[in-house]
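Shown next: model-v6.cif, containing mmCIF, C-alpha atoms.
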```
data_input
loop_
_atom_site.label_atom_id
_atom_site.label_comp_id
_atom_site.auth_asym_id
_atom_site.auth_seq_id
_atom_site.Cartn_x
_atom_site.Cartn_y
_atom_site.Cartn_z
CA MET A 163 -69.92 158.08 53.91
CA THR A 164 -67.49 156.57 51.42
CA LYS A 165 -68.73 153.37 49.80
CA PRO A 166 -66.44 150.37 50.27
CA ILE A 167 -64.54 149.34 47.18
CA ARG A 168 -65.42 145.83 46.14
CA PRO A 169 -62.52 143.59 45.07
CA THR A 170 -62.24 143.10 41.31
CA ARG A 171 -60.54 139.72 41.49
CA GLY A 172 -62.31 137.23 39.26
CA LEU A 173 -63.76 139.79 36.87
CA PRO A 174 -63.42 139.02 33.16
CA PRO A 175 -61.37 141.40 30.97
CA LEU A 176 -63.14 144.59 29.89
CA ASN A 177 -62.58 144.50 26.12
CA PRO A 178 -64.09 141.01 25.65
CA LEU A 179 -67.06 142.18 27.73
CA ARG A 180 -67.56 145.15 25.40
CA ALA A 181 -67.28 142.88 22.35
CA PHE A 182 -69.82 140.42 23.77
CA GLU A 183 -72.28 143.16 24.74
CA ALA A 184 -72.18 144.70 21.26
CA ALA A 185 -72.49 141.31 19.53
CA ALA A 186 -75.40 140.33 21.78
CA ARG A 187 -77.21 143.62 21.17
CA HIS A 188 -76.82 143.35 17.40
CA ARG A 189 -77.05 139.56 17.22
CA SER A 190 -74.16 139.96 14.79
CA PHE A 191 -70.36 139.88 14.98
CA THR A 192 -70.19 142.01 11.83
CA HIS A 193 -72.34 144.84 13.19
CA ALA A 194 -70.54 144.71 16.53
CA ALA A 195 -67.22 145.05 14.69
CA ASP A 196 -68.55 148.10 12.80
CA GLU A 197 -69.67 149.75 16.04
CA LEU A 198 -66.37 149.16 17.86
CA CYS A 199 -64.20 149.87 14.78
CA VAL A 200 -62.45 146.49 14.87
CA THR A 201 -62.49 143.44 12.63
CA GLN A 202 -65.08 140.67 12.81
CA GLY A 203 -62.25 138.32 13.71
CA ALA A 204 -61.37 140.49 16.72
CA ILE A 205 -64.97 140.26 17.96
CA SER A 206 -64.96 136.50 17.49
CA ARG A 207 -61.67 136.12 19.41
CA SER A 208 -62.91 138.37 22.22
CA VAL A 209 -66.09 136.36 22.61
CA ARG A 210 -64.06 133.13 22.60
CA THR A 211 -61.84 134.59 25.35
CA LEU A 212 -64.96 135.30 27.41
CA GLU A 213 -66.35 131.83 26.77
CA ASP A 214 -63.04 130.33 27.93
CA PHE A 215 -63.22 132.50 31.06
CA PHE A 216 -66.76 131.36 31.92
CA GLY A 217 -66.30 127.83 30.66
CA VAL A 218 -69.60 127.89 28.75
CA PRO A 219 -70.69 129.02 25.27
CA LEU A 220 -72.35 132.44 25.16
CA PHE A 221 -73.92 132.19 21.70
CA GLU A 222 -75.68 129.55 19.68
CA ARG A 223 -74.99 129.75 15.95
CA THR A 224 -78.28 129.28 14.08
CA GLY A 225 -79.35 129.59 10.47
CA ASN A 226 -80.70 133.06 11.24
CA GLY A 227 -77.56 134.31 12.97
CA LEU A 228 -76.69 134.41 16.66
CA ALA A 229 -78.97 133.38 19.52
CA LEU A 230 -78.49 133.72 23.29
CA ASN A 231 -79.68 131.48 26.08
CA ASP A 232 -81.42 132.96 29.13
CA LYS A 233 -78.20 133.40 31.16
CA SER A 234 -76.37 135.08 28.27
CA GLU A 235 -79.37 137.34 27.64
CA LYS A 236 -79.34 138.51 31.28
CA LEU A 237 -75.57 139.07 31.21
CA ALA A 238 -75.85 141.13 28.01
CA ALA A 239 -78.68 143.27 29.44
CA SER A 240 -76.69 143.93 32.61
CA LEU A 241 -73.61 144.90 30.62
CA THR A 242 -75.63 147.34 28.49
CA GLU A 243 -76.80 149.02 31.68
CA VAL A 244 -73.30 149.04 33.18
CA PHE A 245 -71.70 150.58 30.08
CA GLY A 246 -74.45 153.21 30.08
CA MET A 247 -73.63 154.04 33.70
CA LEU A 248 -69.94 154.28 32.83
CA ASN A 249 -70.79 156.70 30.04
CA ASP A 250 -72.88 158.82 32.43
CA ALA A 251 -70.12 158.79 35.06
CA THR A 252 -67.55 159.89 32.48
CA SER A 253 -69.80 162.74 31.31
CA GLU A 254 -70.27 163.88 34.91
CA PHE A 255 -66.53 163.75 35.61
CA LEU A 256 -65.85 165.87 32.52
CA GLY A 257 -68.22 168.52 33.80
CA ASN A 258 -71.46 167.65 32.03
CA LYS A 259 -73.55 167.44 35.20
CA SER A 260 -76.81 168.63 33.71
CA SER A 261 -79.63 166.11 33.24
CA PRO A 262 -79.59 164.55 29.77
CA ILE A 263 -82.33 165.79 27.44
CA LEU A 264 -84.10 163.17 25.34
CA THR A 265 -85.96 164.53 22.30
CA VAL A 266 -88.96 162.38 21.38
CA TRP A 267 -90.99 162.98 18.22
CA CYS A 268 -94.47 161.51 17.77
CA TYR A 269 -97.80 162.12 16.08
CA THR A 270 -99.99 164.66 17.86
CA SER A 271 -102.76 162.08 18.27
CA PHE A 272 -100.31 159.65 19.90
CA ALA A 273 -98.97 162.37 22.19
CA ILE A 274 -102.43 163.44 23.36
CA GLY A 275 -104.05 160.01 23.39
CA TYR A 276 -101.30 158.04 25.09
CA LEU A 277 -97.87 159.52 25.70
CA ILE A 278 -98.63 162.69 27.69
CA PRO A 279 -100.95 160.94 30.19
CA HIS A 280 -98.23 158.35 30.88
CA LEU A 281 -95.12 160.58 30.92
CA PRO A 282 -95.34 161.20 34.71
CA GLU A 283 -94.80 157.46 35.17
CA PHE A 284 -91.63 157.62 33.08
CA LYS A 285 -90.38 160.60 35.11
CA LEU A 286 -91.05 158.66 38.30
CA HIS A 287 -88.81 155.80 37.17
CA HIS A 288 -86.21 157.95 35.37
CA PRO A 289 -86.07 161.32 37.16
CA GLN A 290 -82.61 162.03 35.72
CA ILE A 291 -83.89 162.12 32.11
CA LYS A 292 -85.57 165.26 30.78
CA VAL A 293 -87.97 164.57 27.91
CA ARG A 294 -88.46 167.18 25.21
CA LEU A 295 -91.58 166.25 23.28
CA ALA A 296 -92.09 167.26 19.64
CA SER A 297 -95.22 166.33 17.72
CA GLY A 298 -96.75 166.74 14.29
CA THR A 299 -97.28 164.83 11.06
CA ASP A 300 -94.86 163.18 8.65
CA SER A 301 -95.25 166.11 6.27
CA MET A 302 -93.77 168.57 8.77
CA GLU A 303 -90.19 169.77 8.41
CA PHE A 304 -87.84 169.00 11.28
CA SER A 305 -84.17 168.31 11.81
CA GLU A 306 -83.55 164.55 11.94
CA ASP A 307 -80.29 164.94 13.86
CA GLN A 308 -82.18 166.52 16.77
CA ILE A 309 -84.49 163.52 17.29
CA ASP A 310 -83.39 160.77 19.69
CA VAL A 311 -86.56 158.67 19.58
CA ARG A 312 -89.33 158.78 16.99
CA ILE A 313 -92.75 157.12 16.90
CA ARG A 314 -93.46 156.00 13.33
CA TYR A 315 -96.36 154.44 11.47
CA GLY A 316 -95.70 151.78 8.88
CA ARG A 317 -94.33 148.25 8.52
CA GLY A 318 -91.26 148.62 10.72
CA HIS A 319 -88.59 149.01 8.04
CA TRP A 320 -86.81 152.37 7.85
CA LYS A 321 -83.24 152.71 6.63
CA GLY A 322 -80.94 154.05 9.32
CA TYR A 323 -83.31 153.23 12.20
CA GLU A 324 -83.79 150.40 14.66
CA SER A 325 -87.52 149.83 15.20
CA THR A 326 -89.57 148.04 17.87
CA LEU A 327 -93.28 147.34 17.44
CA LEU A 328 -95.64 149.10 19.85
CA PHE A 329 -98.95 147.83 18.46
CA LYS A 330 -100.49 146.71 15.18
CA GLU A 331 -103.28 148.76 13.67
CA GLU A 332 -106.79 147.86 14.89
CA LEU A 333 -109.35 150.39 13.73
CA ARG A 334 -112.94 150.72 14.89
CA PRO A 335 -115.53 153.52 14.87
CA VAL A 336 -116.14 155.35 18.14
CA CYS A 337 -118.60 158.06 19.08
CA SER A 338 -120.00 159.95 22.02
CA PRO A 339 -123.07 158.78 23.97
CA LYS A 340 -124.45 162.21 23.04
CA LEU A 341 -124.83 160.80 19.53
CA LEU A 342 -126.04 157.24 20.11
CA ASP A 343 -127.26 155.26 23.13
CA PRO A 344 -124.48 152.85 24.27
CA LYS A 345 -127.10 150.49 25.75
CA LYS A 346 -128.37 149.71 22.24
CA ARG A 347 -125.05 148.56 20.81
CA PRO A 348 -124.14 146.81 18.61
CA TYR A 349 -125.84 148.98 16.01
CA ASN A 350 -126.55 148.04 12.42
CA VAL A 351 -124.09 149.79 10.12
CA ASP A 352 -127.04 151.42 8.31
CA ILE A 353 -127.33 153.86 11.25
CA LEU A 354 -124.39 155.71 9.67
CA ARG A 355 -126.71 156.92 6.90
CA ALA A 356 -128.13 159.34 9.44
CA LEU A 357 -124.80 160.39 10.96
CA THR A 358 -121.67 162.42 10.12
CA LEU A 359 -118.38 160.63 9.50
CA LEU A 360 -115.23 162.39 10.72
CA HIS A 361 -112.09 161.98 8.57
CA GLN A 362 -108.44 163.01 8.67
CA ASP A 363 -106.90 164.23 5.43
CA LEU A 364 -103.96 161.78 5.44
CA ARG A 365 -106.10 158.75 6.37
CA ARG A 366 -108.82 158.82 3.73
CA ASN A 367 -108.89 155.05 3.31
CA ASP A 368 -109.90 154.29 6.91
CA TRP A 369 -113.65 154.67 6.47
CA PRO A 370 -113.91 153.06 2.99
CA GLU A 371 -111.93 149.99 4.14
CA TRP A 372 -113.92 149.66 7.36
CA LEU A 373 -117.23 150.00 5.48
CA GLU A 374 -116.10 147.30 3.05
CA LEU A 375 -115.30 145.04 6.01
CA ALA A 376 -118.76 145.74 7.45
CA GLY A 377 -120.44 144.86 4.14
CA ALA A 378 -121.59 148.43 3.42
CA VAL A 379 -119.20 149.54 0.69
CA ASN A 380 -121.85 151.73 -1.02
CA LEU A 381 -123.15 153.37 2.17
CA ARG A 382 -123.53 157.15 2.02
CA PRO A 383 -123.53 158.97 5.38
CA HIS A 384 -125.59 162.04 6.20
CA ASP A 385 -122.41 164.14 5.98
CA ASN A 386 -118.60 164.04 6.04
CA LEU A 387 -116.25 166.35 7.94
CA MET A 388 -112.53 166.55 7.10
CA PHE A 389 -109.79 167.53 9.58
CA ASP A 390 -106.11 168.32 9.11
CA GLU A 391 -105.20 166.72 12.45
CA LEU A 392 -106.42 163.34 13.66
CA SER A 393 -106.38 164.58 17.25
CA VAL A 394 -108.86 167.32 16.32
CA ALA A 395 -111.13 164.76 14.64
CA TYR A 396 -110.99 162.71 17.85
CA GLN A 397 -112.01 165.73 19.90
CA GLY A 398 -114.88 166.28 17.46
CA ALA A 399 -116.11 162.76 18.21
CA ILE A 400 -115.93 163.38 21.96
CA ALA A 401 -117.96 166.58 21.46
CA GLY A 402 -120.65 164.65 19.56
CA LEU A 403 -119.99 165.98 16.04
CA GLY A 404 -119.96 162.53 14.50
CA VAL A 405 -118.31 159.11 14.35
CA VAL A 406 -114.54 158.69 13.88
CA ILE A 407 -112.30 155.70 13.13
CA ALA A 408 -109.96 155.26 16.08
CA GLN A 409 -107.06 153.26 17.49
CA ARG A 410 -108.28 151.67 20.72
CA ALA A 411 -104.88 152.25 22.35
CA TYR A 412 -105.50 156.01 22.19
CA PHE A 413 -108.88 155.95 23.89
CA ARG A 414 -108.75 153.48 26.70
CA ARG A 415 -109.46 156.18 29.30
CA GLU A 416 -112.32 157.73 27.30
CA LEU A 417 -113.85 154.29 26.72
CA GLU A 418 -113.55 153.39 30.40
CA THR A 419 -115.12 156.66 31.56
CA GLY A 420 -117.90 156.50 28.98
CA GLN A 421 -116.93 159.60 27.02
CA LEU A 422 -116.72 157.38 23.95
CA PHE A 423 -118.01 153.94 23.07
CA GLU A 424 -117.80 151.48 20.16
CA PRO A 425 -121.20 151.29 18.44
CA PHE A 426 -120.21 148.40 16.12
CA ASP A 427 -118.43 145.07 16.50
CA HIS A 428 -116.37 145.12 13.29
CA VAL A 429 -112.62 145.76 13.74
CA LEU A 430 -110.32 146.57 10.80
CA HIS A 431 -106.91 144.88 11.14
CA ARG A 432 -104.00 145.95 8.95
CA ASP A 433 -100.46 144.75 8.50
CA LEU A 434 -99.30 148.16 9.63
CA GLY A 435 -98.48 149.45 13.07
CA TYR A 436 -96.85 152.00 15.31
CA TYR A 437 -93.18 151.57 16.10
CA VAL A 438 -90.72 153.25 18.42
CA THR A 439 -87.57 153.93 16.40
CA ILE A 440 -84.06 154.99 17.33
CA PRO A 441 -81.53 156.28 14.76
CA SER A 442 -78.80 153.70 14.24
CA GLU A 443 -76.11 156.10 15.46
CA ARG A 444 -78.01 156.45 18.77
CA ARG A 445 -78.76 152.76 19.29
CA VAL A 446 -76.47 152.63 22.35
CA ASN A 447 -77.85 155.84 23.89
CA PRO A 448 -78.88 154.69 27.40
CA GLN A 449 -81.61 157.35 27.68
CA ALA A 450 -83.16 156.32 24.36
CA ILE A 451 -82.99 152.64 25.33
CA ALA A 452 -84.61 153.38 28.70
CA PHE A 453 -87.44 155.32 27.04
CA ARG A 454 -88.02 152.65 24.38
CA ASP A 455 -88.14 149.81 26.92
CA TRP A 456 -90.47 151.76 29.21
CA LEU A 457 -92.84 152.67 26.37
CA VAL A 458 -93.01 149.10 25.01
CA ASN A 459 -93.66 147.64 28.47
CA THR A 460 -96.32 150.16 29.51
CA LEU A 461 -98.18 149.85 26.20
CA GLN A 462 -98.20 146.05 26.43
CA GLU A 463 -99.54 146.24 29.98
CA SER A 464 -102.14 148.83 28.97
CA LEU A 465 -103.40 146.84 25.97
CA SER A 466 -103.48 143.52 27.81
CA ALA A 467 -105.58 145.10 30.55
CA ALA A 468 -108.04 146.59 28.03
#
```

I'd like the structure from this file rewritten - as C-alpha cells, please.
Amino acid sequence: MTKPIRPTRGLPPLNPLRAFEAAARHRSFTHAADELCVTQGAISRSVRTLEDFFGVPLFERTGNGLALNDKSEKLAASLTEVFGMLNDATSEFLGNKSSPILTVWCYTSFAIGYLIPHLPEFKLHHPQIKVRLASGTDSMEFSEDQIDVRIRYGRGHWKGYESTLLFKEELRPVCSPKLLDPKKRPYNVDILRALTLLHQDLRRNDWPEWLELAGAVNLRPHDNLMFDELSVAYQGAIAGLGVVIAQRAYFRRELETGQLFEPFDHVLHRDLGYYVTIPSERRVNPQAIAFRDWLVNTLQESLSAA
C-alpha cells in the first residue's frame, strides 16, 4: 500500500537546515563551513534565516563557543537522523542495496570482555548494519582507512579523530575462588607473597602502581607470569593460575557468577580511559554514529548497575 504523501507546507528551507545541523554537531560555524565547503559567513546567514523562520534563537554564544538549548538540541539530533536516512535512501536508489558494513577495531580484551557479549543487542536494534570486528593491540599493523570506529586507550586526544569517553580506568586485582576463599575477603595485601601475579607485557606498571597504592611497594610475590595478550592473562586468572589486575567493566558477568572475585578493597584510579573514536572524515557516517551512541549508552547502563 502506497504511503500518503504529507504536505510540505510550512517546512523551513533545506540548506539552512543543513547548515544548522552541521553547526550544532560541531558546536562551531567554522567547522560546519569546512564540512559543507562554504564560508563561515554563509553558515551564519543560514542559521539566521532559520532563526527568523522559527522566531527564536537556536544558539547561545558563550565564551566557550556555541551552546544549544533543549529544543535546539532535539531538533539537531532529529536532523542528523533525517540526513542519514536521506543518504541511505540515495544509496539504495543508486543501486547500493546491500547492508552497510561497519568496521570496528578494538583491543582483544575489550572484544572478549564486553563487546562480543553485547553485540546481539546492537544487531537487535540495528539489523540493517553489519559489524565487522577487528581486534588486536596498538602495535599491530592495520589500514587506518578501513576502520570506521576504533576503541582507544588514552586521554581522549588523537589528531584526526572525534572521541567519546566510555569509562575511566579503575584497576583492581581479581582472582578465582579456586585460589582464595571469597568469604574471607578483604584479604591483607601480604597474601600476595604466596601467590603468582599475572602481567601483560604492555601494562607493566599496573601491579607496581597498585602495590604502591596498597602500601606494599616492596612486596615480592611467589612468582610472576607474563602474557603477550591481556585477554590471555584474564583467562589465566579464571583458571586459577594467579591474580591479575583488571578493569571491572570487562568482568561484570564473571564477578556476578562467582568465576572471579575482588580479594582486596584498593582501587587504582588513573586519568586515562577507554574512548570510542571516529575518524574526522567519517564523523557524519550514520552507522558509526549509531554504533557509538549505542556503545556509550549500554556501557553507562552496565556500569551504573554494577

Residue among A:Arg314, A:Arg355, A:Pro174, A:Thr439 lying closest to Leu381 in chain A, counting all atoms listed in the file: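 The closest residue to Leu381 in chain A is A:Arg355.
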
Tell me which residues the PyMOL selection byres ((chain A and resi 390) around 6) grabs here, as a PyMOL selection string. chain A and resi 362-363+389+391

Mind checking which residues fall within 9 Å of Ala186 in chain A, counting all atoms listed in the file, ignoring those fewer than 6 positions away in the same chain, and posting them as a count of residues only? 9

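Closest approach to Glu324 in chain A among A:Pro219, A:Pro178, A:Pro425, A:Pro441: A:Pro441, based on only C-alpha atoms.
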
So which residues touch Leu237 in chain A within 12 Å, counting all atoms listed in the file, skipping near sequence neighbours fewer than 3 positions away, as number ranges by chain? A: 179-180, 182-184, 186-187, 212, 216, 220-221, 230-234, 240-244

Need the shell around Leu359 in chain A: protein/DNA/RNA residues with any atom at most 9 Å away, counting all atoms listed in the file. Skip same-chain ones fewer than 5 positions apart. Format as a ChimeraX atom specification? /A:354,369,383-388,403-407

Name every residue that the PyMOL selection byres ((chain A and resi 429) around 9) selects in this structure, writing the answer as a PyMOL selection string with chains first and numbers rising. chain A and resi 332-335+372+375-376+426-428+430-431

Interatomic distance between CA of Leu342 in chain A and CA of Ala395 in chain A?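 Those two atoms sit 17.6 Å apart.
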
Name the residues that the PyMOL selection byres ((chain A and resi 400) around 10) pulls out of this structure, and write them as a ChimeraX atom specification. /A:336-341,394-399,401-406,416,421-423

Please, could you write that set of residues out with C-alpha atoms as a PDB file, keeping the file's coordinate frame?
```pdb
ATOM      1  CA  VAL A 336    -116.140 155.350  18.140  1.00  0.00           C
ATOM      2  CA  CYS A 337    -118.600 158.060  19.080  1.00  0.00           C
ATOM      3  CA  SER A 338    -120.000 159.950  22.020  1.00  0.00           C
ATOM      4  CA  PRO A 339    -123.070 158.780  23.970  1.00  0.00           C
ATOM      5  CA  LYS A 340    -124.450 162.210  23.040  1.00  0.00           C
ATOM      6  CA  LEU A 341    -124.830 160.800  19.530  1.00  0.00           C
ATOM      7  CA  VAL A 394    -108.860 167.320  16.320  1.00  0.00           C
ATOM      8  CA  ALA A 395    -111.130 164.760  14.640  1.00  0.00           C
ATOM      9  CA  TYR A 396    -110.990 162.710  17.850  1.00  0.00           C
ATOM     10  CA  GLN A 397    -112.010 165.730  19.900  1.00  0.00           C
ATOM     11  CA  GLY A 398    -114.880 166.280  17.460  1.00  0.00           C
ATOM     12  CA  ALA A 399    -116.110 162.760  18.210  1.00  0.00           C
ATOM     13  CA  ALA A 401    -117.960 166.580  21.460  1.00  0.00           C
ATOM     14  CA  GLY A 402    -120.650 164.650  19.560  1.00  0.00           C
ATOM     15  CA  LEU A 403    -119.990 165.980  16.040  1.00  0.00           C
ATOM     16  CA  GLY A 404    -119.960 162.530  14.500  1.00  0.00           C
ATOM     17  CA  VAL A 405    -118.310 159.110  14.350  1.00  0.00           C
ATOM     18  CA  VAL A 406    -114.540 158.690  13.880  1.00  0.00           C
ATOM     19  CA  GLU A 416    -112.320 157.730  27.300  1.00  0.00           C
ATOM     20  CA  GLN A 421    -116.930 159.600  27.020  1.00  0.00           C
ATOM     21  CA  LEU A 422    -116.720 157.380  23.950  1.00  0.00           C
ATOM     22  CA  PHE A 423    -118.010 153.940  23.070  1.00  0.00           C
TER      23      PHE A 423
END
```

List every protein, DNA or RNA residue that has at least one atom no more than 9 Å from (-68.7, 133.9, 11.1) in the file's coordinates, counting only C-alpha atoms, and write the result as a PyMOL selection string. chain A and resi 190-192+202-203+206+223

Output, as JSON, the centre and edge lengths in Å (one decimal) of the axis-aligned box that contains all listed atoms of range 282-293 of chain A with 5 Å of margin on each side.
```
{"center_x": -89.0, "center_y": 160.5, "center_z": 33.1, "size_x": 22.7, "size_y": 19.5, "size_z": 20.4}
```

Give me, as a compact mmCIF listing (two decimals) with C-alpha atoms, keeping the file's coordinate frame, all polymer residues having an atom no more than 12 Å from His280 in chain A, counting all atoms listed in the file and skipping those fewer than 5 positions away in the same chain.
```txt
# COMPACT_ATOMS: atom_id res chain seq x y z
CA PHE A 272 -100.31 159.65 19.90
CA ALA A 273 -98.97 162.37 22.19
CA ILE A 274 -102.43 163.44 23.36
CA GLY A 275 -104.05 160.01 23.39
CA LYS A 285 -90.38 160.60 35.11
CA LEU A 286 -91.05 158.66 38.30
CA HIS A 287 -88.81 155.80 37.17
CA TYR A 412 -105.50 156.01 22.19
CA ARG A 415 -109.46 156.18 29.30
CA PHE A 453 -87.44 155.32 27.04
CA TRP A 456 -90.47 151.76 29.21
CA LEU A 457 -92.84 152.67 26.37
CA ASN A 459 -93.66 147.64 28.47
CA THR A 460 -96.32 150.16 29.51
CA LEU A 461 -98.18 149.85 26.20
CA SER A 464 -102.14 148.83 28.97
```

Could you tell me which of A:Arg454, A:His361, A:Arg432, A:Lys345 comes closest to Gly420 in chain A if we count all atoms listed in the file? A:Lys345

Quick check, in Å to one decimal: how far apart do CA of Tyr315 in chain A and CA of Pro262 in chain A lie? 26.8 Å

From the set A:Asn367, A:Arg445, A:Gln462, A:Tyr437, which residue has the shortest atom-to-atom contact distance to Glu197 in chain A, counting all atoms listed in the file?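 Counting all atoms listed in the file, the residue closest to Glu197 in chain A is A:Arg445.
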
Interatomic distance (Å, one decimal) between CA of Val293 in chain A and CA of Ala452 in chain A: 11.7 Å

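Distances from A:Arg382, A:Lys321, A:Arg410, A:His193 to Ile205 in chain A were compared using only C-alpha atoms, and the smallest one belongs to A:His193.
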